[in-house]
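Undergrad: Supplied structure: final_31.txt, compact mmCIF, C-alpha atoms.
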```txt
# COMPACT_ATOMS: atom_id res chain seq x y z
CA MET H 585 -14.01 114.46 194.03
CA LYS H 586 -12.12 111.72 192.30
CA SER H 587 -13.01 109.33 195.14
CA THR H 588 -16.70 110.27 194.83
CA LYS H 589 -16.67 109.63 191.08
CA THR H 590 -14.99 106.30 191.65
CA MET H 591 -17.62 105.32 194.19
CA ILE H 592 -20.44 106.34 191.83
CA ALA H 593 -18.87 104.37 188.98
CA ALA H 594 -18.47 101.34 191.23
CA ALA H 595 -22.09 101.63 192.29
CA ILE H 596 -23.24 101.78 188.66
CA VAL H 597 -21.17 98.69 187.86
CA ALA H 598 -22.63 96.91 190.89
CA VAL H 599 -26.19 97.79 189.90
CA GLY H 600 -25.48 96.70 186.34
CA THR H 601 -24.10 93.41 187.61
CA LEU H 602 -27.18 92.84 189.75
CA LEU H 603 -29.47 93.65 186.83
CA THR H 604 -27.52 91.30 184.58
CA ALA H 605 -27.65 88.58 187.21
CA GLY H 606 -31.36 89.18 187.67
CA SER H 607 -31.92 88.98 183.93
CA ALA H 608 -29.91 85.77 183.72
CA LEU H 609 -31.89 84.32 186.61
CA ALA H 610 -35.15 85.20 184.86
CA GLN H 611 -33.92 83.58 181.67
CA ALA H 612 -32.79 80.55 183.61
CA LYS H 613 -36.40 79.96 184.67
CA GLU H 614 -37.85 80.05 181.15
CA GLN H 615 -38.19 77.05 178.84
CA PHE H 616 -38.51 78.29 175.27
CA PHE H 617 -40.66 76.61 172.63
CA PRO H 618 -40.06 77.77 169.04
CA LEU H 619 -43.35 77.42 167.16
CA LEU H 620 -43.03 77.04 163.40
CA SER H 621 -46.42 77.83 161.86
CA TYR H 622 -48.24 78.76 158.69
CA ARG H 623 -51.11 81.17 159.03
CA THR H 624 -50.82 82.44 155.45
CA GLY H 625 -51.19 80.80 152.06
CA PRO H 626 -53.18 77.78 150.85
CA TYR H 627 -52.43 75.72 153.97
CA ALA H 628 -53.52 78.39 156.46
CA PRO H 629 -57.03 76.98 157.11
CA ASN H 630 -55.39 73.82 158.48
CA GLY H 631 -52.21 75.30 159.91
CA THR H 632 -53.98 77.98 161.94
CA PRO H 633 -56.05 75.81 164.34
CA TRP H 634 -53.05 73.51 164.75
CA ALA H 635 -50.90 76.48 165.78
CA ASN H 636 -53.63 77.91 168.03
CA GLY H 637 -53.94 74.66 169.96
CA LYS H 638 -50.23 74.65 170.65
CA GLN H 639 -50.16 78.23 171.89
CA ASP H 640 -53.25 77.87 174.06
CA TYR H 641 -51.89 74.76 175.76
CA LEU H 642 -48.70 76.59 176.75
CA LYS H 643 -50.73 79.54 178.02
CA MET H 644 -52.94 77.19 180.02
CA ILE H 645 -50.00 75.42 181.69
CA ASN H 646 -48.55 78.79 182.71
CA ALA H 647 -51.89 80.12 184.00
CA ARG H 648 -53.06 76.95 185.76
CA ASP H 649 -49.79 75.42 186.97
CA GLY H 650 -47.31 78.28 186.90
CA GLY H 651 -45.30 76.42 184.26
CA VAL H 652 -43.45 73.16 184.89
CA ASN H 653 -42.24 72.97 188.49
CA GLY H 654 -41.80 76.73 188.55
CA VAL H 655 -40.22 77.00 185.09
CA LYS H 656 -42.23 79.39 182.94
CA LEU H 657 -42.97 78.32 179.36
CA THR H 658 -42.28 80.90 176.67
CA PHE H 659 -42.72 80.72 172.92
CA GLU H 660 -42.33 82.58 169.65
CA GLU H 661 -44.02 81.80 166.36
CA CYS H 662 -42.21 81.91 163.03
CA GLU H 663 -44.22 81.90 159.81
CA THR H 664 -43.09 79.33 157.24
CA GLY H 665 -45.98 79.37 154.78
CA TYR H 666 -45.34 75.57 154.65
CA ALA H 667 -42.23 76.34 152.55
CA THR H 668 -39.13 74.29 153.31
CA ASP H 669 -36.64 77.14 152.82
CA ARG H 670 -38.59 79.44 155.14
CA GLY H 671 -38.87 76.63 157.68
CA VAL H 672 -35.10 76.21 157.70
CA GLU H 673 -34.69 79.97 158.12
CA CYS H 674 -37.02 79.91 161.14
CA TYR H 675 -35.08 77.02 162.63
CA GLU H 676 -31.73 78.75 162.18
CA ARG H 677 -33.06 81.95 163.74
CA LEU H 678 -34.65 80.33 166.79
CA LYS H 679 -32.38 77.37 167.57
CA SER H 680 -29.94 79.40 169.68
CA ARG H 681 -32.52 81.06 171.92
CA PRO H 682 -31.88 80.41 175.64
CA GLY H 683 -33.77 77.40 176.97
CA VAL H 684 -34.90 76.08 173.57
CA ALA H 685 -36.68 72.76 174.15
CA LEU H 686 -37.35 71.14 170.76
CA PHE H 687 -38.78 71.83 167.31
CA ASP H 688 -42.07 70.74 165.76
CA PRO H 689 -41.33 71.50 162.06
CA GLN H 690 -45.04 71.21 161.14
CA ALA H 691 -44.18 69.95 157.65
CA THR H 692 -42.60 66.79 156.26
CA GLY H 693 -40.46 68.73 153.78
CA ILE H 694 -39.04 70.90 156.57
CA THR H 695 -38.44 67.75 158.65
CA PHE H 696 -36.40 66.21 155.83
CA ALA H 697 -34.29 69.38 155.65
CA LEU H 698 -33.70 69.53 159.42
CA THR H 699 -32.99 65.86 160.07
CA GLU H 700 -29.26 66.29 159.42
CA LYS H 701 -29.09 69.58 161.30
CA ALA H 702 -30.71 68.40 164.53
CA PRO H 703 -27.89 66.04 165.62
CA VAL H 704 -25.32 68.81 165.10
CA ASP H 705 -27.37 71.36 167.03
CA LYS H 706 -28.48 68.77 169.60
CA VAL H 707 -32.17 69.61 169.47
CA ALA H 708 -34.97 67.10 168.92
CA LEU H 709 -37.58 67.12 166.17
CA LEU H 710 -41.08 66.15 167.28
CA THR H 711 -43.11 65.09 164.22
CA LEU H 712 -46.41 63.73 165.50
CA GLY H 713 -48.17 61.81 162.75
CA TYR H 714 -45.82 63.02 159.98
CA GLY H 715 -42.18 63.17 158.95
CA LEU H 716 -39.90 60.24 158.15
CA SER H 717 -41.57 56.87 158.67
CA VAL H 718 -38.21 55.14 159.16
CA ALA H 719 -37.46 57.51 162.05
CA GLN H 720 -39.46 55.18 164.30
CA ASP H 721 -36.09 53.44 164.69
CA GLY H 722 -34.57 55.42 167.55
CA LEU H 723 -31.23 53.64 167.20
CA ALA H 724 -30.81 55.11 163.73
CA PHE H 725 -32.57 58.43 164.35
CA LYS H 726 -31.58 59.67 167.78
CA TRP H 727 -33.11 63.12 167.33
CA ASN H 728 -36.34 62.38 165.41
CA PHE H 729 -39.59 61.51 167.18
CA PRO H 730 -42.55 60.60 164.91
CA LEU H 731 -44.82 60.21 167.93
CA MET H 732 -48.17 58.40 167.67
CA GLY H 733 -47.78 57.33 164.06
CA SER H 734 -46.23 57.78 160.65
CA TYR H 735 -47.50 57.70 157.08
CA TRP H 736 -46.58 54.03 156.94
CA THR H 737 -48.69 53.23 160.00
CA GLY H 738 -51.56 55.32 158.60
CA ALA H 739 -51.46 53.61 155.19
CA ASP H 740 -51.25 50.21 156.83
CA ILE H 741 -54.32 50.91 158.99
CA LEU H 742 -56.31 52.05 155.96
CA ILE H 743 -55.55 48.81 154.13
CA GLN H 744 -56.48 46.82 157.23
CA HIS H 745 -59.78 48.68 157.37
CA LEU H 746 -60.54 48.06 153.70
CA GLY H 747 -59.75 44.40 154.24
CA LYS H 748 -62.19 44.27 157.13
CA GLU H 749 -64.87 46.03 155.07
CA ASN H 750 -64.48 43.38 152.37
CA GLY H 751 -64.47 40.37 154.69
CA GLY H 752 -60.71 39.84 154.85
CA LEU H 753 -57.47 41.13 153.36
CA ASP H 754 -57.53 38.28 150.84
CA LYS H 755 -60.70 39.79 149.39
CA LEU H 756 -58.69 42.80 148.21
CA LYS H 757 -57.15 40.69 145.44
CA GLY H 758 -58.00 42.18 142.08
CA LYS H 759 -59.32 45.44 143.57
CA LYS H 760 -58.19 48.79 142.25
CA ILE H 761 -56.94 51.21 144.90
CA THR H 762 -55.86 54.68 143.78
CA LEU H 763 -53.67 56.99 145.84
CA VAL H 764 -54.38 60.66 145.07
CA TYR H 765 -51.47 62.38 146.75
CA HIS H 766 -49.83 65.75 147.32
CA ASP H 767 -46.77 65.70 145.06
CA SER H 768 -44.28 66.38 147.86
CA PRO H 769 -42.30 64.38 150.43
CA PHE H 770 -45.48 64.28 152.54
CA GLY H 771 -47.60 62.76 149.79
CA LYS H 772 -44.96 60.31 148.58
CA GLU H 773 -44.16 58.92 152.02
CA PRO H 774 -46.92 56.22 152.16
CA ILE H 775 -46.13 54.78 148.72
CA PRO H 776 -43.56 52.11 149.82
CA LEU H 777 -45.99 50.68 152.39
CA LEU H 778 -48.88 50.61 149.92
CA GLN H 779 -46.66 48.91 147.34
CA GLU H 780 -45.70 46.28 149.91
CA ARG H 781 -49.33 45.67 150.85
CA ALA H 782 -50.27 45.47 147.14
CA LYS H 783 -47.72 42.69 146.65
CA MET H 784 -49.01 40.86 149.71
CA HIS H 785 -52.72 41.02 148.86
CA GLY H 786 -52.82 41.31 145.10
CA PHE H 787 -54.61 44.62 144.66
CA ASP H 788 -53.80 47.02 141.84
CA LEU H 789 -52.23 50.22 143.20
CA GLN H 790 -52.55 53.31 141.03
CA LEU H 791 -50.68 56.53 141.83
CA LEU H 792 -52.03 59.96 140.90
CA PRO H 793 -49.88 62.91 142.06
CA VAL H 794 -51.43 66.35 142.49
CA THR H 795 -49.24 69.41 142.03
CA ALA H 796 -49.07 71.56 145.16
CA PRO H 797 -51.03 73.30 146.52
CA GLY H 798 -53.75 71.23 144.85
CA VAL H 799 -56.26 73.83 143.69
CA GLU H 800 -56.35 72.32 140.20
CA GLN H 801 -57.36 68.65 140.12
CA LYS H 802 -59.77 68.30 137.19
CA ALA H 803 -57.35 66.17 135.15
CA THR H 804 -56.73 63.94 138.17
CA TRP H 805 -60.40 63.22 138.74
CA LEU H 806 -61.01 62.62 135.04
CA GLN H 807 -58.44 59.83 135.37
CA VAL H 808 -60.26 58.54 138.44
CA ARG H 809 -63.51 58.48 136.47
CA GLN H 810 -61.83 56.63 133.59
CA GLN H 811 -60.05 54.08 135.79
CA ARG H 812 -63.02 53.59 138.14
CA PRO H 813 -61.03 52.39 141.19
CA ASP H 814 -62.78 50.53 143.97
CA TYR H 815 -61.29 52.94 146.50
CA VAL H 816 -59.46 56.26 146.53
CA LEU H 817 -56.97 57.07 149.29
CA LEU H 818 -56.54 60.83 149.71
CA TRP H 819 -53.15 62.03 150.94
CA GLY H 820 -53.79 65.75 150.93
CA TRP H 821 -53.31 68.84 153.04
CA GLY H 822 -54.89 72.25 153.09
CA VAL H 823 -57.01 73.37 150.14
CA MET H 824 -56.18 70.13 148.28
CA ASN H 825 -58.59 68.16 150.47
CA SER H 826 -61.75 70.20 149.94
CA THR H 827 -60.88 70.55 146.25
CA ALA H 828 -60.61 66.76 145.92
CA LEU H 829 -63.99 66.25 147.54
CA LYS H 830 -65.60 68.83 145.28
CA GLU H 831 -64.07 67.26 142.17
CA ALA H 832 -65.16 63.80 143.31
CA GLN H 833 -68.68 65.13 143.65
CA ALA H 834 -68.51 66.78 140.21
CA THR H 835 -67.28 63.60 138.51
CA GLY H 836 -69.69 61.37 140.42
CA TYR H 837 -67.09 59.38 142.36
CA PRO H 838 -68.74 58.04 145.56
CA ARG H 839 -67.42 59.82 148.64
CA GLU H 840 -68.09 56.69 150.70
CA LYS H 841 -65.33 55.04 148.65
CA MET H 842 -62.83 57.73 149.65
CA TYR H 843 -60.49 57.44 152.64
CA GLY H 844 -58.16 60.20 153.79
CA VAL H 845 -55.08 60.28 155.97
CA TRP H 846 -55.46 62.01 159.36
CA TRP H 847 -54.29 65.29 157.78
CA ALA H 848 -57.30 65.09 155.46
CA GLY H 849 -59.85 64.53 158.21
CA ALA H 850 -60.49 67.84 159.94
CA GLU H 851 -63.20 70.49 159.87
CA PRO H 852 -61.53 72.75 157.23
CA ASP H 853 -61.37 69.80 154.82
CA VAL H 854 -65.12 69.24 154.70
CA ARG H 855 -66.81 72.38 156.04
CA ASP H 856 -67.11 74.12 152.65
CA VAL H 857 -68.24 70.93 150.93
CA GLY H 858 -70.89 70.16 153.55
CA ALA H 859 -73.40 67.57 152.41
CA GLY H 860 -71.35 67.05 149.26
CA ALA H 861 -68.73 65.26 151.36
CA LYS H 862 -71.23 63.03 153.16
CA GLY H 863 -69.93 59.49 153.48
CA TYR H 864 -66.25 60.48 153.18
CA HIS H 865 -63.94 58.65 155.60
CA ALA H 866 -60.62 59.67 157.14
CA LEU H 867 -58.25 58.38 159.77
CA ALA H 868 -58.68 59.82 163.27
CA LEU H 869 -55.40 60.04 165.15
CA ASN H 870 -57.11 61.74 168.08
CA GLY H 871 -60.53 62.51 169.48
CA SER H 872 -62.02 65.99 169.43
CA GLY H 873 -64.68 68.17 171.07
CA GLN H 874 -64.81 70.54 174.05
CA GLN H 875 -65.86 67.89 176.57
CA PRO H 876 -62.37 66.61 177.56
CA LYS H 877 -60.99 68.15 180.74
CA VAL H 878 -57.99 69.64 178.96
CA MET H 879 -60.30 71.63 176.68
CA GLN H 880 -62.38 72.74 179.65
CA ASP H 881 -59.20 73.95 181.35
CA ILE H 882 -58.12 75.85 178.23
CA LEU H 883 -61.52 77.53 178.08
CA LYS H 884 -61.36 78.38 181.80
CA PHE H 885 -57.77 79.51 182.19
CA VAL H 886 -57.17 81.01 178.74
CA HIS H 887 -60.30 81.94 176.79
CA GLU H 888 -62.41 83.14 179.70
CA LYS H 889 -59.56 85.52 180.56
CA GLY H 890 -59.50 86.88 177.01
CA GLN H 891 -56.15 85.22 176.25
CA GLY H 892 -57.29 82.78 173.56
CA THR H 893 -55.16 82.67 170.43
CA GLY H 894 -58.14 82.09 168.12
CA PRO H 895 -61.94 81.95 168.33
CA LYS H 896 -63.50 80.15 171.28
CA ASP H 897 -65.58 77.80 169.11
CA GLU H 898 -62.38 76.49 167.53
CA VAL H 899 -61.29 74.94 170.85
CA GLY H 900 -61.61 71.16 170.62
CA GLN H 901 -61.68 70.92 166.83
CA VAL H 902 -59.64 68.08 165.30
CA LEU H 903 -56.48 70.02 164.40
CA TYR H 904 -56.69 72.32 167.41
CA THR H 905 -56.76 69.21 169.62
CA ARG H 906 -53.81 67.75 167.75
CA GLY H 907 -51.85 70.93 168.38
CA ALA H 908 -52.65 70.66 172.08
CA ILE H 909 -51.52 67.02 172.10
CA ILE H 910 -48.22 67.95 170.44
CA GLN H 911 -47.58 70.65 173.00
CA MET H 912 -48.62 68.40 175.88
CA LEU H 913 -46.09 65.78 174.77
CA SER H 914 -43.44 68.50 174.49
CA VAL H 915 -44.19 69.75 178.00
CA GLU H 916 -44.23 66.22 179.40
CA ALA H 917 -40.83 65.60 177.82
CA VAL H 918 -39.54 68.61 179.77
CA ARG H 919 -41.21 67.33 182.94
CA LYS H 920 -39.72 63.85 182.44
CA ALA H 921 -36.29 65.32 181.83
CA GLN H 922 -36.56 67.34 185.06
CA GLU H 923 -37.13 64.12 186.98
CA ARG H 924 -33.64 63.03 186.01
CA PHE H 925 -31.69 66.24 185.49
CA GLY H 926 -33.16 68.60 188.08
CA LYS H 927 -36.68 69.48 189.12
CA GLY H 928 -37.44 73.16 188.57
CA LYS H 929 -34.50 73.65 186.21
CA VAL H 930 -34.52 74.69 182.55
CA MET H 931 -33.68 71.68 180.40
CA THR H 932 -31.22 71.67 177.52
CA GLY H 933 -32.13 70.32 174.10
CA GLU H 934 -30.22 67.12 174.88
CA GLN H 935 -32.08 66.65 178.15
CA VAL H 936 -35.47 67.22 176.52
CA ARG H 937 -34.50 64.66 173.87
CA TRP H 938 -33.94 62.15 176.68
CA GLY H 939 -37.35 63.08 178.07
CA LEU H 940 -38.99 62.37 174.71
CA GLU H 941 -37.26 59.01 174.60
CA ASN H 942 -38.56 58.06 178.04
CA LEU H 943 -42.20 59.11 177.91
CA ASN H 944 -44.66 56.77 179.62
CA LEU H 945 -48.20 58.09 179.46
CA ASP H 946 -50.49 55.37 180.78
CA GLN H 947 -54.24 55.83 181.08
CA LYS H 948 -53.97 57.17 184.63
CA ARG H 949 -51.51 59.83 183.53
CA LEU H 950 -53.59 60.78 180.47
CA ASP H 951 -56.65 61.15 182.68
CA ALA H 952 -54.70 63.38 185.07
CA LEU H 953 -53.54 65.53 182.17
CA GLY H 954 -57.12 65.86 180.91
CA PHE H 955 -56.55 63.81 177.76
CA GLY H 956 -58.66 60.79 178.72
CA GLY H 957 -60.64 59.69 175.67
CA VAL H 958 -58.60 61.98 173.41
CA MET H 959 -55.72 59.60 172.71
CA ARG H 960 -54.42 56.17 173.62
CA PRO H 961 -51.64 55.52 176.15
CA MET H 962 -48.15 55.63 174.68
CA GLN H 963 -44.62 54.78 175.73
CA THR H 964 -41.39 55.55 173.93
CA THR H 965 -38.05 53.77 174.25
CA CYS H 966 -34.55 54.10 172.88
CA ALA H 967 -35.45 51.77 170.02
CA ASP H 968 -39.01 52.99 169.48
CA HIS H 969 -39.41 56.72 168.96
CA MET H 970 -43.08 56.43 167.98
CA GLY H 971 -44.65 55.07 171.14
CA SER H 972 -48.06 54.25 169.64
CA THR H 973 -49.33 53.12 166.24
CA TRP H 974 -53.09 53.23 166.76
CA ALA H 975 -55.83 55.09 164.90
CA ARG H 976 -59.55 54.93 164.19
CA VAL H 977 -61.66 55.69 161.11
CA GLN H 978 -64.14 58.55 161.17
CA THR H 979 -66.94 59.40 158.73
CA TRP H 980 -68.40 62.79 157.76
CA ASP H 981 -72.21 62.78 157.96
CA GLY H 982 -72.63 66.10 156.17
CA ALA H 983 -72.43 68.17 159.33
CA LYS H 984 -69.96 66.54 161.71
CA TRP H 985 -67.38 63.79 162.10
CA ASN H 986 -68.45 60.49 163.65
CA ILE H 987 -65.55 58.39 164.94
CA GLY H 988 -65.82 54.61 164.73
CA ASN H 989 -65.38 52.50 167.84
CA ASP H 990 -62.70 50.20 166.41
CA TRP H 991 -59.08 51.06 167.08
CA TYR H 992 -56.62 49.67 164.53
CA GLN H 993 -52.96 49.06 165.27
CA ALA H 994 -50.44 49.06 162.45
CA ASP H 995 -49.12 45.56 161.77
CA GLU H 996 -45.55 45.41 163.07
CA ALA H 997 -44.92 42.22 161.12
CA VAL H 998 -45.21 44.36 158.00
CA LEU H 999 -43.71 47.58 159.31
CA LYS H 1000 -40.71 46.44 161.34
CA PRO H 1001 -38.76 44.91 158.43
CA MET H 1002 -39.47 48.00 156.33
CA VAL H 1003 -38.38 50.38 159.09
CA LYS H 1004 -35.24 48.34 159.75
CA SER H 1005 -34.18 48.17 156.11
CA GLY H 1006 -35.13 51.80 155.45
CA ALA H 1007 -33.16 53.00 158.44
CA ALA H 1008 -30.15 50.91 157.40
CA LYS H 1009 -30.28 52.41 153.91
CA TYR H 1010 -30.49 55.92 155.33
CA LEU H 1011 -27.44 55.34 157.53
CA ALA H 1012 -25.50 53.86 154.62
CA ASP H 1013 -26.40 56.75 152.33
CA LYS H 1014 -25.30 59.25 154.97
CA LYS H 1015 -22.18 57.22 155.79
CA THR H 1016 -22.99 57.09 159.48
CA GLN H 1017 -23.82 54.41 162.05
CA ALA H 1018 -26.60 53.55 164.47
CA ARG H 1019 -26.28 54.36 168.16
CA PRO H 1020 -24.65 51.71 170.33
CA ALA H 1021 -26.76 50.23 173.12
CA SER H 1022 -24.57 52.06 175.64
CA ASP H 1023 -25.92 55.35 174.28
CA CYS H 1024 -29.50 54.51 175.18
CA ASN H 1025 -29.39 56.19 178.59
CA SER H 1026 -27.66 59.32 177.39
```
Translate the structure of the given file into structure tokens.
TA:
Amino acid sequence: MKSTKTMIAAAIVAVGTLLTAGSALAQAKEQFFPLLSYRTGPYAPNGTPWANGKQDYLKMINARDGGVNGVKLTFEECETGYATDRGVECYERLKSRPGVALFDPQATGITFALTEKAPVDKVALLTLGYGLSVAQDGLAFKWNFPLMGSYWTGADILIQHLGKENGGLDKLKGKKITLVYHDSPFGKEPIPLLQERAKMHGFDLQLLPVTAPGVEQKATWLQVRQQRPDYVLLWGWGVMNSTALKEAQATGYPREKMYGVWWAGAEPDVRDVGAGAKGYHALALNGSGQQPKVMQDILKFVHEKGQGTGPKDEVGQVLYTRGAIIQMLSVEAVRKAQERFGKGKVMTGEQVRWGLENLNLDQKRLDALGFGGVMRPMQTTCADHMGSTWARVQTWDGAKWNIGNDWYQADEAVLKPMVKSGAAKYLADKKTQARPASDCNS
């Protein structure tokens, strides 16, 4: 009897071991993407399509391709409400999950809070079109990746465009340009670049902060009416953008003299204003619409199977597309890392960071991924964690966005010295040093 019990116990242990091994094997084939999001609060109308695009892209890659070289992509959302403290809580809760790839904080304030944590935890921060502008310097910021642009590149492009509209940057001398901005790290980020451009070209820069979330702006637009600037730059997010356009209409400020950052140039920003926003301009970091192949694949492999995260007609909208781009770059970082560290294997946070630093998406690759016409080619390096600094200007015609044909590239002669000095100051303040050249292949 004792022998029988022993054999049964041994069998149970053996089965348990097999189950544990099987579970570990399953985990070993899953790359985890923590998705910080905000589907509640005043920023939800903008945060929701962004988050939906990210989820749907991951679902599409799993359904169409079976993941990345056999590695399934998993994810979990964590609601931040755009609040920095909640964002940090989400990060702390999800950072230790098996197979975690990287974090997209989805907010500049959260990015600021995580920038010192990421090197300790060895997980990269992907901040496409937002975050710390100085983080373009990959030697100073090993773990930050402001891919495709920063608030400095966006502000620089807007000034270039205004110069072109006036017949040359020298024609901006004596002009009044007002920045109406979200009073947060996000809204304050473009100020140094605009101040530098103001010194260079002699325009008068006026700064008007708006208290978050931006639902009350009457006093701000009374100041705009009194000062009568030649142009207003809108650095808003969420409900602040539509409120600004409504107040501009109420005070009679011409919408054709208003230019928004790429986070103030999506459907939720203008939909409720409609014809009242006609003539308003904003930067376009990416194309939109359901025509691109990637959107057709999402419709086919996700929405037609009833697996869409949001409504079908949202697919291809500006922020939805941006979410898909962010997730595509994340997935391609994993794919790139597998080329070096093991095809078909789950990558560590450090390996994915290397993948982000070695992205090379030429036109042929973008076309193959279905993103032809959606974005420009980009290539990152150890020194350059941005990879691309191009954008266009789009205009709202009362019913839809019309993107201009001209691509603008941020002027590196202006930006590089600012990035270099800003990065050096950051390192000095934190009492740390830049990466040595020998670290560039790590």
Undergrad: Rank nothing, just name the residue among H:Ser1026, H:Thr695, H:Gln720, H:Thr905 nearest to Arg937 (chain H), using only C-alpha atoms.
TA: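 Among H:Ser1026, H:Thr695, H:Gln720, H:Thr905, it is H:Ser1026 that comes nearest to Arg937 (chain H).
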Undergrad: For Tyr627 (chain H), please output as a list in words all residues within 10 Å (counting all atoms listed in the file; exclusion window: fewer than 6 positions along the same chain).
TA: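 In the requested form, the answer reads Gly665, Tyr666, Pro797, Trp821, Gly822, Val823 and Met824 of chain H.
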Undergrad: Using all atoms listed in the file, which residue out of H:Thr964, H:Ser734, H:Gln811, H:Ser872 lies closest to Lys759 (chain H)?
TA: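 The shortest atom-to-atom distance to Lys759 (chain H) comes from H:Gln811.
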Undergrad: Rounded to one decimal place, report the CA of Val816 (chain H)-CA of Leu777 (chain H) distance in Å.
TA: 15.7 Å
Undergrad: Near Gly873 (chain H), within 12 Å and counting only C-alpha atoms, which residues show up once chain neighbours fewer than 4 positions away are dropped, as number ranges by chain?
TA: H: 850-851, 877-880, 897-906, 955, 957-958, 984-987
Undergrad: Could those residues be written to a file, using C-alpha atoms, as a short mmCIF file (atom, residue, chain, number, x, y, z; two decimals), keeping the file's coordinate frame?
TA:
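So again.cif came out as:
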```cif
data_model
loop_
_atom_site.label_atom_id
_atom_site.label_comp_id
_atom_site.auth_asym_id
_atom_site.auth_seq_id
_atom_site.Cartn_x
_atom_site.Cartn_y
_atom_site.Cartn_z
CA ALA H 850 -60.49 67.84 159.94
CA GLU H 851 -63.20 70.49 159.87
CA LYS H 877 -60.99 68.15 180.74
CA VAL H 878 -57.99 69.64 178.96
CA MET H 879 -60.30 71.63 176.68
CA GLN H 880 -62.38 72.74 179.65
CA ASP H 897 -65.58 77.80 169.11
CA GLU H 898 -62.38 76.49 167.53
CA VAL H 899 -61.29 74.94 170.85
CA GLY H 900 -61.61 71.16 170.62
CA GLN H 901 -61.68 70.92 166.83
CA VAL H 902 -59.64 68.08 165.30
CA LEU H 903 -56.48 70.02 164.40
CA TYR H 904 -56.69 72.32 167.41
CA THR H 905 -56.76 69.21 169.62
CA ARG H 906 -53.81 67.75 167.75
CA PHE H 955 -56.55 63.81 177.76
CA GLY H 957 -60.64 59.69 175.67
CA VAL H 958 -58.60 61.98 173.41
CA LYS H 984 -69.96 66.54 161.71
CA TRP H 985 -67.38 63.79 162.10
CA ASN H 986 -68.45 60.49 163.65
CA ILE H 987 -65.55 58.39 164.94
#
```
Undergrad: Considering only C-alpha atoms, state which residue in the set H:Cys1024, H:Ala1007, H:Ala782, H:Leu678 is at the smallest distance from Leu756 (chain H).
TA: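 That would be H:Ala782, the residue with the smallest distance to Leu756 (chain H).
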Undergrad: So, with only C-alpha atoms as the atoms that count, which of H:Val672, H:Leu620, H:Leu642, H:Ile775 lies closest to Phe885 (chain H)?
TA: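 Looking at the shortest contact to Phe885 (chain H), the residue is H:Leu642.
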Undergrad: Around (-51.0, 75.0, 165.9) in the file's own coordinates, what residues are found within 10 Å if you use only C-alpha atoms, given back as a list in words?
TA: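 Protein, DNA and RNA residues close to (-51.0, 75.0, 165.9): Leu619, Leu620, Ser621, Tyr622, Arg623, Asn630, Gly631, Thr632, Pro633, Trp634, Ala635, Asn636, Gly637, Lys638, Gln639, Asp640, Tyr641, Glu661, Asp688, Gln690, Thr893, Leu903, Tyr904, Thr905, Arg906, Gly907, Ala908, Ile910 and Gln911 of chain H.
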Undergrad: Can you tell me, as an NGL selection string, what residues are no more than 8 Å from Gly860 (chain H) when counting all atoms listed in the file, ignoring any on the same chain fewer than 4 positions away?
TA: :H and (829-830 or 833 or 982)
Undergrad: Interatomic distance between CA of Gly733 (chain H) and CA of His969 (chain H)?
TA: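 Pair CA of Gly733 (chain H) / CA of His969 (chain H) returns 9.7 Å.
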Undergrad: From the options H:Phe725, H:Trp991, H:Trp980, H:Phe617, which residue's atoms come nearest to Met959 (chain H), counting all atoms listed in the file?
TA: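 Using all atoms listed in the file, Met959 (chain H) sits closest to H:Trp991.
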Undergrad: Name the closest residue to Glu934 (chain H) among the candidates H:Val794, H:Leu686, H:Leu778, H:Leu999; distances are taken between atoms, counting all atoms listed in the file.
TA: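 The answer is H:Leu686, which sits nearest to Glu934 (chain H).
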Undergrad: Tell me which protein, DNA and RNA residues are within 6 Å of Tyr864 (chain H), counting all atoms listed in the file, leaving out same-chain ones fewer than 4 positions away, and put them as a list in words.
TA: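 Once the nearby chain positions are removed, what remains is Arg839, Glu840, Met842, Thr979 and Trp980 of chain H.
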Undergrad: Distance CA of Pro838 (chain H)-CA of Gly863 (chain H), one decimal place?
TA: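 Interatomic distance here is 8.1 Å.
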Undergrad: Can you list, as a ChimeraX atom specification, every protein, DNA or RNA residue that comes within 9 Å of Ser914 (chain H) when you count all atoms listed in the file, leaving out same-chain residues fewer than 5 positions away?
TA: /H:617,685-686,710,909,919,936,939-940
Undergrad: Set up a box along x, y and z of the file covering all listed atoms of region 881-897 of chain H, add 3 Å on every one of the six sides, and write the centre and edge lengths in Å to one decimal, as JSON.
TA:
```
{"center_x": -60.4, "center_y": 80.4, "center_z": 175.2, "size_x": 16.4, "size_y": 18.9, "size_z": 20.1}
```
